[in-house]
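For reference, entry12.cif (mmCIF, C-alpha atoms):
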```cif
data_protein
loop_
_atom_site.label_atom_id
_atom_site.label_comp_id
_atom_site.auth_asym_id
_atom_site.auth_seq_id
_atom_site.Cartn_x
_atom_site.Cartn_y
_atom_site.Cartn_z
CA MET A 13 22.20 15.60 21.42
CA ALA A 14 22.62 16.15 17.70
CA GLU A 15 19.92 14.62 15.53
CA GLN A 16 21.01 11.45 13.74
CA VAL A 17 19.52 10.77 10.30
CA LYS A 18 20.87 7.84 8.30
CA LEU A 19 19.52 6.45 5.06
CA PHE A 20 20.33 2.87 4.02
CA GLY A 21 19.76 2.68 0.28
CA VAL A 22 20.95 1.80 -3.19
CA TRP A 23 21.95 4.65 -5.50
CA ALA A 24 20.10 3.14 -8.50
CA SER A 25 16.83 2.50 -6.66
CA PRO A 26 13.86 4.84 -7.32
CA PHE A 27 12.49 3.93 -3.88
CA THR A 28 15.70 5.05 -2.18
CA ARG A 29 15.67 8.25 -4.25
CA ARG A 30 12.14 9.04 -3.07
CA ILE A 31 13.55 9.37 0.43
CA GLU A 32 16.53 11.46 -0.67
CA ILE A 33 14.20 13.84 -2.51
CA ALA A 34 11.90 14.10 0.52
CA LEU A 35 14.82 14.78 2.89
CA LYS A 36 16.33 17.36 0.55
CA LEU A 37 12.94 19.09 0.12
CA LYS A 38 12.80 19.41 3.90
CA GLY A 39 16.40 20.52 4.15
CA VAL A 40 17.30 17.63 6.47
CA GLU A 41 20.98 16.66 6.67
CA TYR A 42 21.56 12.91 6.48
CA GLU A 43 24.23 10.28 6.10
CA PHE A 44 23.81 7.92 3.16
CA VAL A 45 24.82 4.27 3.55
CA GLU A 46 25.09 2.43 0.23
CA GLU A 47 23.87 -1.15 0.46
CA ASP A 48 24.88 -4.13 -1.65
CA LEU A 49 21.68 -6.09 -2.25
CA VAL A 50 23.62 -9.24 -3.17
CA ASN A 51 25.40 -9.10 0.16
CA LYS A 52 23.12 -7.22 2.54
CA SER A 53 24.71 -5.64 5.57
CA ASP A 54 23.95 -6.85 9.09
CA LEU A 55 22.58 -3.40 9.83
CA LEU A 56 20.06 -3.54 6.97
CA VAL A 57 18.83 -6.94 8.16
CA LYS A 58 18.74 -5.65 11.75
CA TYR A 59 16.76 -2.52 10.87
CA ASN A 60 14.42 -4.14 8.33
CA PRO A 61 14.13 -7.73 9.56
CA ILE A 62 10.73 -8.22 7.88
CA HIS A 63 11.51 -7.27 4.28
CA LYS A 64 15.32 -6.88 4.36
CA LYS A 65 14.94 -4.19 1.69
CA VAL A 66 16.06 -0.64 1.07
CA PRO A 67 15.25 2.11 1.81
CA VAL A 68 15.49 2.21 5.58
CA LEU A 69 15.57 5.54 7.39
CA LEU A 70 17.21 5.55 10.80
CA HIS A 71 16.20 8.56 12.85
CA ASN A 72 17.80 8.87 16.28
CA GLY A 73 18.11 5.09 16.42
CA ASN A 74 14.54 4.36 15.25
CA PRO A 75 14.29 2.48 11.94
CA ILE A 76 11.45 3.17 9.48
CA CYS A 77 10.88 0.95 6.42
CA GLU A 78 8.77 1.08 3.22
CA SER A 79 9.31 4.20 1.12
CA VAL A 80 5.76 5.54 1.29
CA VAL A 81 5.66 5.08 5.07
CA ILE A 82 9.02 6.86 5.34
CA MET A 83 7.75 9.77 3.20
CA GLU A 84 4.79 10.25 5.52
CA TYR A 85 7.13 10.07 8.53
CA ILE A 86 9.44 12.70 7.07
CA ASP A 87 6.48 14.98 6.35
CA GLU A 88 5.17 14.64 9.91
CA THR A 89 8.56 14.97 11.59
CA TRP A 90 10.02 17.97 9.75
CA LYS A 91 7.29 20.54 9.23
CA GLY A 92 8.75 22.91 6.60
CA ALA A 93 8.00 22.46 2.86
CA PRO A 94 4.95 20.17 3.16
CA ILE A 95 5.00 17.07 0.96
CA LEU A 96 1.36 16.10 1.49
CA PRO A 97 -1.36 18.76 1.12
CA ARG A 98 -3.01 20.02 4.33
CA ASP A 99 -6.62 19.35 3.39
CA PRO A 100 -7.75 15.83 4.45
CA TYR A 101 -9.48 15.14 1.13
CA GLU A 102 -6.49 16.22 -0.92
CA ARG A 103 -4.26 14.13 1.35
CA ALA A 104 -6.50 11.12 0.70
CA MET A 105 -6.23 11.73 -3.05
CA ALA A 106 -2.43 11.95 -2.84
CA ARG A 107 -2.28 8.69 -0.88
CA PHE A 108 -4.65 7.03 -3.36
CA TRP A 109 -2.51 7.98 -6.38
CA ALA A 110 0.77 7.03 -4.71
CA LYS A 111 -0.77 3.63 -3.97
CA PHE A 112 -1.99 3.41 -7.57
CA ILE A 113 1.57 4.00 -8.78
CA ASP A 114 3.05 1.36 -6.47
CA ASP A 115 0.35 -1.29 -6.74
CA LYS A 116 -0.59 -0.89 -10.41
CA CYS A 117 1.80 1.19 -12.53
CA VAL A 118 5.18 -0.04 -11.29
CA PRO A 119 4.42 -3.80 -11.69
CA ALA A 120 2.82 -3.21 -15.12
CA ILE A 121 5.75 -1.13 -16.38
CA TRP A 122 8.21 -3.72 -15.15
CA LYS A 123 6.31 -6.49 -16.92
CA ALA A 124 5.99 -4.42 -20.11
CA CYS A 125 9.77 -3.99 -20.15
CA TRP A 126 10.95 -7.45 -19.12
CA SER A 127 8.46 -9.97 -20.48
CA ASN A 128 8.22 -11.46 -23.95
CA ASP A 129 5.88 -12.02 -26.89
CA GLU A 130 2.17 -12.11 -26.12
CA GLU A 131 2.70 -11.53 -22.41
CA GLN A 132 4.67 -8.40 -23.27
CA GLU A 133 2.02 -7.13 -25.69
CA ASN A 134 -0.66 -7.44 -23.03
CA ALA A 135 1.59 -5.84 -20.44
CA ILE A 136 2.32 -2.88 -22.74
CA GLU A 137 -1.39 -2.37 -23.32
CA GLU A 138 -2.07 -2.51 -19.58
CA ALA A 139 0.81 -0.15 -18.77
CA CYS A 140 -0.46 2.35 -21.38
CA GLU A 141 -3.96 2.32 -19.91
CA LEU A 142 -2.63 2.86 -16.41
CA LEU A 143 -0.37 5.69 -17.55
CA LYS A 144 -3.35 7.29 -19.34
CA THR A 145 -5.29 7.17 -16.09
CA LEU A 146 -2.37 8.69 -14.22
CA GLU A 147 -1.86 11.37 -16.85
CA ALA A 148 -5.50 12.45 -16.53
CA GLN A 149 -4.76 13.28 -12.90
CA LEU A 150 -2.42 16.07 -13.93
CA LYS A 151 -5.44 18.00 -15.24
CA GLY A 152 -4.12 21.49 -16.02
CA ASN A 153 -1.39 21.38 -13.36
CA LYS A 154 2.36 21.50 -13.76
CA PHE A 155 2.86 18.78 -11.14
CA PHE A 156 0.62 16.18 -9.51
CA GLY A 157 1.04 18.32 -6.39
CA GLY A 158 -0.22 21.44 -8.25
CA GLN A 159 2.38 24.13 -8.91
CA THR A 160 5.01 22.45 -6.72
CA ILE A 161 6.37 18.92 -6.31
CA GLY A 162 4.38 16.82 -3.84
CA PHE A 163 3.80 13.31 -2.53
CA VAL A 164 2.53 11.86 -5.85
CA ASP A 165 5.33 13.47 -7.89
CA ILE A 166 7.96 11.95 -5.62
CA ALA A 167 6.22 8.56 -5.70
CA ALA A 168 6.07 8.85 -9.51
CA ASN A 169 9.86 9.20 -9.91
CA THR A 170 9.82 5.68 -11.36
CA ILE A 171 7.81 7.08 -14.26
CA GLY A 172 9.50 10.46 -14.33
CA PHE A 173 13.02 9.10 -14.69
CA TRP A 174 13.51 5.33 -14.52
CA LEU A 175 10.87 4.42 -17.11
CA GLY A 176 12.57 6.32 -19.94
CA ILE A 177 15.82 4.49 -19.26
CA LEU A 178 14.18 1.07 -19.15
CA LEU A 179 12.34 1.81 -22.40
CA GLU A 180 15.61 2.83 -24.05
CA ILE A 181 17.23 -0.44 -23.02
CA VAL A 182 14.41 -2.66 -24.24
CA GLU A 183 13.85 -0.46 -27.31
CA LEU A 184 10.19 0.18 -26.69
CA GLU A 185 8.36 3.27 -27.88
CA LEU A 186 5.75 3.47 -25.20
CA LEU A 187 5.98 6.95 -23.77
CA THR A 188 5.57 9.18 -26.83
CA GLU A 189 4.44 12.80 -26.85
CA GLU A 190 1.60 11.89 -29.21
CA LYS A 191 0.19 9.32 -26.81
CA PHE A 192 1.05 11.08 -23.54
CA PRO A 193 1.43 14.83 -24.11
CA LYS A 194 0.74 15.89 -20.52
CA LEU A 195 2.81 13.12 -18.95
CA CYS A 196 5.76 13.93 -21.22
CA LYS A 197 5.47 17.61 -20.28
CA TRP A 198 5.38 16.59 -16.61
CA ILE A 199 8.51 14.42 -17.07
CA ASP A 200 10.29 17.38 -18.62
CA ASP A 201 9.28 19.76 -15.84
CA TYR A 202 10.00 17.10 -13.23
CA VAL A 203 13.57 16.24 -14.18
CA ASN A 204 14.32 19.95 -14.59
CA CYS A 205 12.98 20.93 -11.19
CA SER A 206 16.08 21.69 -9.10
CA VAL A 207 15.39 19.43 -6.10
CA ILE A 208 14.73 16.50 -8.44
CA LYS A 209 17.57 17.22 -10.83
CA GLU A 210 20.09 17.33 -7.99
CA ASN A 211 18.87 14.09 -6.48
CA LEU A 212 18.60 11.73 -9.42
CA PRO A 213 21.43 9.40 -10.38
CA PRO A 214 23.44 10.24 -13.54
CA ARG A 215 21.46 8.98 -16.55
CA ASP A 216 24.43 7.27 -18.24
CA LYS A 217 25.44 5.47 -15.07
CA LEU A 218 21.89 4.21 -14.53
CA LEU A 219 21.62 3.13 -18.16
CA ALA A 220 24.83 1.10 -17.81
CA TYR A 221 23.61 -0.34 -14.49
CA PHE A 222 20.36 -1.63 -15.99
CA ARG A 223 22.00 -2.78 -19.21
CA ALA A 224 24.37 -4.95 -17.16
CA ARG A 225 21.37 -6.45 -15.37
CA GLN A 226 19.28 -6.92 -18.49
CA GLN A 227 17.62 -10.30 -18.83
CA PRO A 228 19.23 -12.68 -21.32
CA PRO A 229 17.22 -12.57 -24.59
CA THR A 230 15.17 -15.69 -23.95
CA GLY A 231 12.43 -14.59 -26.33
CA SER A 232 12.06 -12.59 -29.49
CA LYS A 233 13.02 -9.35 -27.73
CA ASP A 234 16.41 -7.79 -28.75
CA MET B 7 -26.00 22.09 5.29
CA ALA B 8 -26.16 18.75 7.07
CA GLU B 9 -23.09 16.58 6.63
CA GLN B 10 -23.55 13.73 4.17
CA VAL B 11 -21.66 10.49 4.85
CA LYS B 12 -22.44 7.48 2.70
CA LEU B 13 -20.61 4.16 2.63
CA PHE B 14 -20.83 1.90 -0.42
CA GLY B 15 -19.90 -1.58 0.75
CA VAL B 16 -20.61 -5.27 0.99
CA TRP B 17 -21.76 -6.62 4.36
CA ALA B 18 -19.47 -9.68 4.15
CA SER B 19 -16.31 -7.74 3.24
CA PRO B 20 -13.65 -7.20 5.92
CA PHE B 21 -12.50 -4.09 4.01
CA THR B 22 -15.97 -2.56 4.18
CA ARG B 23 -16.17 -3.44 7.87
CA ARG B 24 -12.92 -1.60 8.54
CA ILE B 25 -14.67 1.59 7.51
CA GLU B 26 -17.77 0.87 9.55
CA ILE B 27 -15.63 0.24 12.63
CA ALA B 28 -13.68 3.46 12.06
CA LEU B 29 -16.86 5.53 11.60
CA LYS B 30 -18.47 3.97 14.68
CA LEU B 31 -15.34 4.60 16.75
CA LYS B 32 -15.59 8.26 15.75
CA GLY B 33 -19.32 8.39 16.38
CA VAL B 34 -20.03 9.47 12.79
CA GLU B 35 -23.55 8.85 11.48
CA TYR B 36 -23.62 7.37 7.99
CA GLU B 37 -25.87 5.78 5.43
CA PHE B 38 -24.85 2.30 4.27
CA VAL B 39 -25.41 1.34 0.62
CA GLU B 40 -25.12 -2.41 0.04
CA GLU B 41 -23.46 -3.24 -3.28
CA ASP B 42 -23.87 -6.33 -5.42
CA LEU B 43 -20.39 -7.13 -6.75
CA VAL B 44 -21.81 -9.28 -9.54
CA ASN B 45 -23.90 -6.37 -10.74
CA LYS B 46 -22.12 -3.22 -9.61
CA SER B 47 -24.19 -0.06 -9.33
CA ASP B 48 -23.59 2.91 -11.60
CA LEU B 49 -22.76 4.94 -8.52
CA LEU B 50 -20.00 2.55 -7.42
CA VAL B 51 -18.44 2.70 -10.89
CA LYS B 52 -18.84 6.49 -10.92
CA TYR B 53 -17.23 6.98 -7.50
CA ASN B 54 -14.47 4.37 -7.91
CA PRO B 55 -13.82 4.36 -11.68
CA ILE B 56 -10.26 3.08 -11.23
CA HIS B 57 -10.80 -0.06 -9.17
CA LYS B 58 -14.61 -0.36 -9.17
CA LYS B 59 -14.36 -1.92 -5.72
CA VAL B 60 -15.87 -1.47 -2.30
CA PRO B 61 -15.52 0.24 0.08
CA VAL B 62 -16.11 3.78 -1.13
CA LEU B 63 -16.80 6.56 1.34
CA LEU B 64 -18.74 9.53 0.02
CA HIS B 65 -18.33 12.59 2.22
CA ASN B 66 -20.28 15.68 1.17
CA GLY B 67 -20.11 14.49 -2.44
CA ASN B 68 -16.38 13.65 -2.38
CA PRO B 69 -15.57 9.96 -2.97
CA ILE B 70 -12.63 8.28 -1.21
CA CYS B 71 -11.47 4.77 -2.17
CA GLU B 72 -9.10 2.11 -0.75
CA SER B 73 -9.87 1.09 2.83
CA VAL B 74 -6.55 2.16 4.36
CA VAL B 75 -6.75 5.56 2.64
CA ILE B 76 -10.33 5.95 3.91
CA MET B 77 -9.26 5.07 7.45
CA GLU B 78 -6.62 7.81 7.38
CA TYR B 79 -9.19 10.24 5.96
CA ILE B 80 -11.67 9.45 8.71
CA ASP B 81 -8.99 9.91 11.36
CA GLU B 82 -7.99 13.30 9.94
CA THR B 83 -11.54 14.55 9.36
CA TRP B 84 -13.19 13.63 12.67
CA LYS B 85 -10.80 14.35 15.49
CA GLY B 86 -12.31 12.47 18.46
CA ALA B 87 -11.18 8.94 19.40
CA PRO B 88 -7.89 8.86 17.45
CA ILE B 89 -7.30 5.77 15.32
CA LEU B 90 -3.63 6.44 14.57
CA PRO B 91 -1.26 7.33 17.42
CA ARG B 92 -0.11 10.97 17.67
CA ASP B 93 3.64 10.35 17.68
CA PRO B 94 5.10 10.31 14.14
CA TYR B 95 7.23 7.22 14.81
CA GLU B 96 4.31 5.27 16.25
CA ARG B 97 2.18 6.41 13.30
CA ALA B 98 4.84 5.09 10.91
CA MET B 99 4.86 1.76 12.75
CA ALA B 100 1.05 1.52 12.54
CA ARG B 101 1.16 2.24 8.80
CA PHE B 102 3.95 -0.31 8.33
CA TRP B 103 2.00 -3.08 10.06
CA ALA B 104 -1.27 -2.29 8.29
CA LYS B 105 0.63 -2.52 5.01
CA PHE B 106 2.21 -5.79 6.17
CA ILE B 107 -1.27 -7.20 6.81
CA ASP B 108 -2.61 -6.13 3.40
CA ASP B 109 0.45 -6.89 1.27
CA LYS B 110 1.66 -10.04 3.00
CA CYS B 111 -0.77 -11.66 5.45
CA VAL B 112 -4.07 -11.37 3.54
CA PRO B 113 -2.78 -12.89 0.25
CA ALA B 114 -0.94 -15.67 2.13
CA ILE B 115 -3.99 -16.54 4.22
CA TRP B 116 -6.19 -16.58 1.13
CA LYS B 117 -3.77 -18.90 -0.65
CA ALA B 118 -3.45 -21.15 2.41
CA CYS B 119 -7.22 -21.55 2.48
CA TRP B 120 -8.02 -21.87 -1.21
CA SER B 121 -5.10 -23.64 -2.88
CA ASN B 122 -4.33 -27.35 -3.11
CA ASP B 123 -1.69 -29.97 -2.35
CA GLU B 124 1.90 -28.80 -2.35
CA GLU B 125 0.98 -25.20 -3.13
CA GLN B 126 -1.31 -25.22 -0.11
CA GLU B 127 1.35 -26.73 2.16
CA ASN B 128 3.80 -24.00 1.23
CA ALA B 129 1.13 -21.34 1.62
CA ILE B 130 0.22 -22.61 5.10
CA GLU B 131 3.85 -22.50 6.13
CA GLU B 132 4.21 -18.96 4.79
CA ALA B 133 0.98 -17.80 6.45
CA CYS B 134 2.12 -19.24 9.78
CA GLU B 135 5.44 -17.42 9.58
CA LEU B 136 3.73 -14.14 8.76
CA LEU B 137 1.24 -14.56 11.59
CA LYS B 138 4.14 -15.33 13.98
CA THR B 139 5.75 -12.06 12.92
CA LEU B 140 2.50 -10.19 13.42
CA GLU B 141 1.89 -11.84 16.78
CA ALA B 142 5.30 -10.71 18.02
CA GLN B 143 4.13 -7.12 17.47
CA LEU B 144 1.55 -7.48 20.22
CA LYS B 145 4.39 -7.65 22.75
CA GLY B 146 2.69 -7.39 26.15
CA ASN B 147 -0.24 -5.31 24.89
CA LYS B 148 -3.91 -6.16 24.78
CA PHE B 149 -4.29 -4.67 21.29
CA PHE B 150 -1.89 -3.71 18.51
CA GLY B 151 -2.87 -0.14 19.40
CA GLY B 152 -1.88 -0.67 23.07
CA GLN B 153 -4.74 -0.75 25.58
CA THR B 154 -7.32 0.38 23.00
CA ILE B 155 -8.24 -0.59 19.44
CA GLY B 156 -6.22 1.29 16.80
CA PHE B 157 -5.30 1.42 13.12
CA VAL B 158 -3.55 -1.98 13.03
CA ASP B 159 -6.33 -3.72 14.97
CA ILE B 160 -8.94 -2.46 12.52
CA ALA B 161 -6.76 -3.44 9.55
CA ALA B 162 -6.30 -6.87 11.16
CA ASN B 163 -10.03 -7.63 11.27
CA THR B 164 -9.39 -10.15 8.47
CA ILE B 165 -7.31 -12.12 10.97
CA GLY B 166 -9.44 -11.29 14.00
CA PHE B 167 -12.70 -12.54 12.52
CA TRP B 168 -12.68 -13.72 8.89
CA LEU B 169 -9.71 -16.08 9.19
CA GLY B 170 -11.39 -18.32 11.79
CA ILE B 171 -14.42 -18.72 9.54
CA LEU B 172 -12.35 -19.53 6.45
CA LEU B 173 -10.32 -22.07 8.44
CA GLU B 174 -13.54 -23.73 9.65
CA ILE B 175 -14.80 -24.05 6.08
CA VAL B 176 -11.61 -25.54 4.67
CA GLU B 177 -11.07 -27.60 7.84
CA LEU B 178 -7.59 -26.32 8.57
CA GLU B 179 -6.09 -26.17 12.06
CA LEU B 180 -3.79 -23.25 11.58
CA LEU B 181 -4.61 -20.80 14.31
CA THR B 182 -4.21 -22.87 17.48
CA GLU B 183 -3.58 -21.54 20.97
CA GLU B 184 -0.45 -23.67 21.21
CA LYS B 185 1.05 -22.08 18.12
CA PHE B 186 -0.32 -18.55 18.55
CA PRO B 187 -1.15 -17.92 22.21
CA LYS B 188 -0.94 -14.12 22.03
CA LEU B 189 -2.77 -13.83 18.70
CA CYS B 190 -5.58 -16.08 19.97
CA LYS B 191 -5.86 -13.95 23.12
CA TRP B 192 -5.98 -10.84 20.90
CA ILE B 193 -8.73 -12.39 18.74
CA ASP B 194 -10.73 -13.11 21.87
CA ASP B 195 -10.31 -9.59 23.23
CA TYR B 196 -10.92 -8.13 19.76
CA VAL B 197 -14.24 -9.76 18.97
CA ASN B 198 -15.43 -9.03 22.50
CA CYS B 199 -14.56 -5.35 22.36
CA SER B 200 -17.92 -3.57 22.07
CA VAL B 201 -17.22 -1.42 18.97
CA ILE B 202 -15.95 -4.48 17.11
CA LYS B 203 -18.63 -6.86 18.35
CA GLU B 204 -21.39 -4.51 17.24
CA ASN B 205 -19.88 -4.00 13.78
CA LEU B 206 -19.04 -7.50 12.64
CA PRO B 207 -21.43 -9.56 10.53
CA PRO B 208 -23.24 -12.47 12.23
CA ARG B 209 -20.84 -15.45 12.27
CA ASP B 210 -23.39 -17.99 11.00
CA LYS B 211 -24.44 -15.76 8.12
CA LEU B 212 -20.82 -15.19 7.08
CA LEU B 213 -20.06 -18.90 7.34
CA ALA B 214 -23.00 -19.68 5.03
CA TYR B 215 -21.93 -16.90 2.64
CA PHE B 216 -18.39 -18.28 2.25
CA ARG B 217 -19.57 -21.92 2.14
CA ALA B 218 -21.83 -21.04 -0.80
CA ARG B 219 -18.84 -19.47 -2.55
CA GLN B 220 -16.41 -22.25 -1.77
CA GLN B 221 -14.49 -23.36 -4.84
CA PRO B 222 -14.54 -27.01 -5.93
CA PRO B 223 -11.21 -28.55 -4.84
CA THR B 224 -9.81 -28.56 -8.38
CA GLY B 225 -10.99 -25.06 -9.29
CA SER B 226 -8.79 -22.02 -9.30
CA LYS B 227 -9.53 -18.95 -7.24
CA ASP B 228 -11.85 -16.46 -8.89
#
```

Spit out the file's structure as structure tokens when you get a sec.
Amino acid sequence: MAEQVKLFGVWASPFTRRIEIALKLKGVEYEFVEEDLVNKSDLLVKYNPIHKKVPVLLHNGNPICESVVIMEYIDETWKGAPILPRDPYERAMARFWAKFIDDKCVPAIWKACWSNDEEQENAIEEACELLKTLEAQLKGNKFFGGQTIGFVDIAANTIGFWLGILLEIVELELLTEEKFPKLCKWIDDYVNCSVIKENLPPRDKLLAYFRARQQPPTGSKD
Amino acid sequence: MAEQVKLFGVWASPFTRRIEIALKLKGVEYEFVEEDLVNKSDLLVKYNPIHKKVPVLLHNGNPICESVVIMEYIDETWKGAPILPRDPYERAMARFWAKFIDDKCVPAIWKACWSNDEEQENAIEEACELLKTLEAQLKGNKFFGGQTIGFVDIAANTIGFWLGILLEIVELELLTEEKFPKLCKWIDDYVNCSVIKENLPPRDKLLAYFRARQQPPTGSKD
């Protein structure tokens, strides 16, 4: 029986793109099913009854949910081009930093971009501190994974690509080369790495997508 | 060189106890360092500079933080008595449910126990729904891991032991046999399983610890 790999996702979602990047890195063929989050499909609700969110990977009829869990599954199922390092301690570090991105950086960035006034100022300060901490993890390496893209790089696609677009929309100068020289260099290397470049949405399309969803200017922002 | 395994933790913390259970399951000898969270040691801050939280596992000088990350590390480093299943799909399911416990159940339970009035009513309802979902995962099995304790069971120690104590303190009847027959049976089997029984804090001591920390009814959670 031919292997069946289906990905239920949203083209503009960084979490969906994590899975596309992981599958492409492994050279796994898959069918992409675009979801409408305003009108979720019966299949999405069937395969992710708990969270009803994208991405969902369906592999030979078995659904897997939560992007980080799916990334680990992909790495364990298709052995070529490892995403996580082999050494247990390095694996633990990769898992720690991916969790740091999801639990700390992503919410702080979101708040820095979409809140107002004093709340926004505090959120920007917090986001900058978190990004400084993350940047320090690059040490002298090209990628978080060393010389090649790995688990943390893929998890950090929110910062590598989406963040710049959000900052452009809300007109915030947060991610400057003066403040974040290593992180900016990483972003440049990241978006120019072929597997990433080929699997990110078009910048203009994403910019238009987020502009259309921008919050009404309830505060001083804009 | 003899292997050095040190655990920085707090005796009353379910997250610390996860690590103790995992190490005991593997038969790993370790030194326990009790932390005072009001006056954190320099070593805790040195080994977990990001979160400054327990537990931290120090293995041959290498610190690992975040209980779920540590559990994976322990399982990959000491091979006997597997904590995660071998099959990639079953591993993904175990990771999904451990994440569900940490991201959904634990905050909801905490809120159900420590909030007031309408907020508490809503929180209780939410906690009950989440616990129903978790209970359904037991299916016909003795443990979440099947016939033996596994990753999800260890992650669920908050529900297996701490929840009953919190409910006793705040005088809530949430976890009844009528409502949760399978979960109550699991709790009974869980706390009576030797590796768990020997690695949980004394019930009376924990009850006194949480009673002493109980918030006044109008106070907000610390």

Selection in question (the file shown): the PyMOL selection byres ((chain A) within 6 of (chain B)). Which residues does it include, as a PDB file with C-alpha atoms, in the frame of the given file?
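Just written: expr_23.pdb:
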```
ATOM      1  CA  VAL A  81       5.660   5.080   5.070  1.00  0.00           C
ATOM      2  CA  TYR A  85       7.130  10.070   8.530  1.00  0.00           C
ATOM      3  CA  PRO A 100      -7.750  15.830   4.450  1.00  0.00           C
ATOM      4  CA  ALA A 104      -6.500  11.120   0.700  1.00  0.00           C
TER       5      ALA A 104
END
```

>> Suppose a student applies the PyMOL selection byres ((chain A and resi 186) around 10) to this structure; what residues should they get, written as a ChimeraX atom specification?
In response: /A:121,124-125,136-137,139-140,175-176,179-180,183-185,187-189,191-192

>> As a check of understanding, name the residues that the PyMOL selection byres ((chain B and resi 209) around 12) selects in the supplied structure, as a PyMOL selection string.
In response: chain B and resi 17-18+167-172+174+197+203+205-208+210-216

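The smallest atom-to-atom distance between Pro91 of chain B and any of B:Val34, B:Ala142, B:Leu50, B:Val158, using all atoms listed in the file, is found for B:Val158.
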
> How many Å lie between atom CA of Lys194 of chain A and atom CA of Gly172 of chain A, rounded to one decimal?
Replying inline: 12.0 Å

> Using only C-alpha atoms, can you list as number ranges by chain the residues within 12 Å of (-17.2, 1.5, -5.2)?
Replying inline: B: 12-16, 21-22, 39-43, 45-64, 69-73

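Put simply, atom CA of Glu141 of chain B is 16.5 Å away from atom CA of Thr154 of chain B.
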
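If only C-alpha atoms are the atoms counted, then among B:Ile202, B:Ala114, B:Ala87, B:Ala129 the closest residue to Ile27 of chain B is B:Ile202.
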
>> To one decimal place in Å, what is the distance between atom CA of Glu135 of chain B and atom CA of Ile160 of chain B?
In response: 21.0 Å

Output as a tab-separated table (two decimals), in the frame of the given file: segment 99-112 of chain B, completed with N, CA and C atoms.
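This went into out-v2.tsv:
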```
chain	number	residue	atom	x	y	z
B	99	MET	N	4.92	3.19	12.44
B	99	MET	CA	4.86	1.76	12.75
B	99	MET	C	3.46	1.21	12.45
B	100	ALA	N	2.43	1.97	12.81
B	100	ALA	CA	1.05	1.52	12.54
B	100	ALA	C	0.83	1.36	11.04
B	101	ARG	N	1.31	2.34	10.26
B	101	ARG	CA	1.16	2.24	8.80
B	101	ARG	C	1.94	1.05	8.25
B	102	PHE	N	3.13	0.82	8.79
B	102	PHE	CA	3.95	-0.31	8.33
B	102	PHE	C	3.20	-1.62	8.56
B	103	TRP	N	2.65	-1.80	9.75
B	103	TRP	CA	2.00	-3.08	10.06
B	103	TRP	C	0.68	-3.26	9.34
B	104	ALA	N	-0.04	-2.18	9.09
B	104	ALA	CA	-1.27	-2.29	8.29
B	104	ALA	C	-0.92	-2.72	6.87
B	105	LYS	N	0.16	-2.16	6.35
B	105	LYS	CA	0.63	-2.52	5.01
B	105	LYS	C	1.10	-3.98	4.98
B	106	PHE	N	1.76	-4.40	6.04
B	106	PHE	CA	2.21	-5.79	6.17
B	106	PHE	C	1.01	-6.74	6.12
B	107	ILE	N	-0.05	-6.38	6.81
B	107	ILE	CA	-1.27	-7.20	6.81
B	107	ILE	C	-1.85	-7.29	5.38
B	108	ASP	N	-1.98	-6.14	4.73
B	108	ASP	CA	-2.61	-6.13	3.40
B	108	ASP	C	-1.73	-6.74	2.31
B	109	ASP	N	-0.44	-6.43	2.35
B	109	ASP	CA	0.45	-6.89	1.27
B	109	ASP	C	0.92	-8.31	1.48
B	110	LYS	N	1.07	-8.72	2.72
B	110	LYS	CA	1.66	-10.04	3.00
B	110	LYS	C	0.64	-11.03	3.59
B	111	CYS	N	0.05	-10.67	4.72
B	111	CYS	CA	-0.77	-11.66	5.45
B	111	CYS	C	-2.03	-12.05	4.67
B	112	VAL	N	-2.78	-11.06	4.19
B	112	VAL	CA	-4.07	-11.37	3.54
B	112	VAL	C	-3.88	-12.29	2.32
```
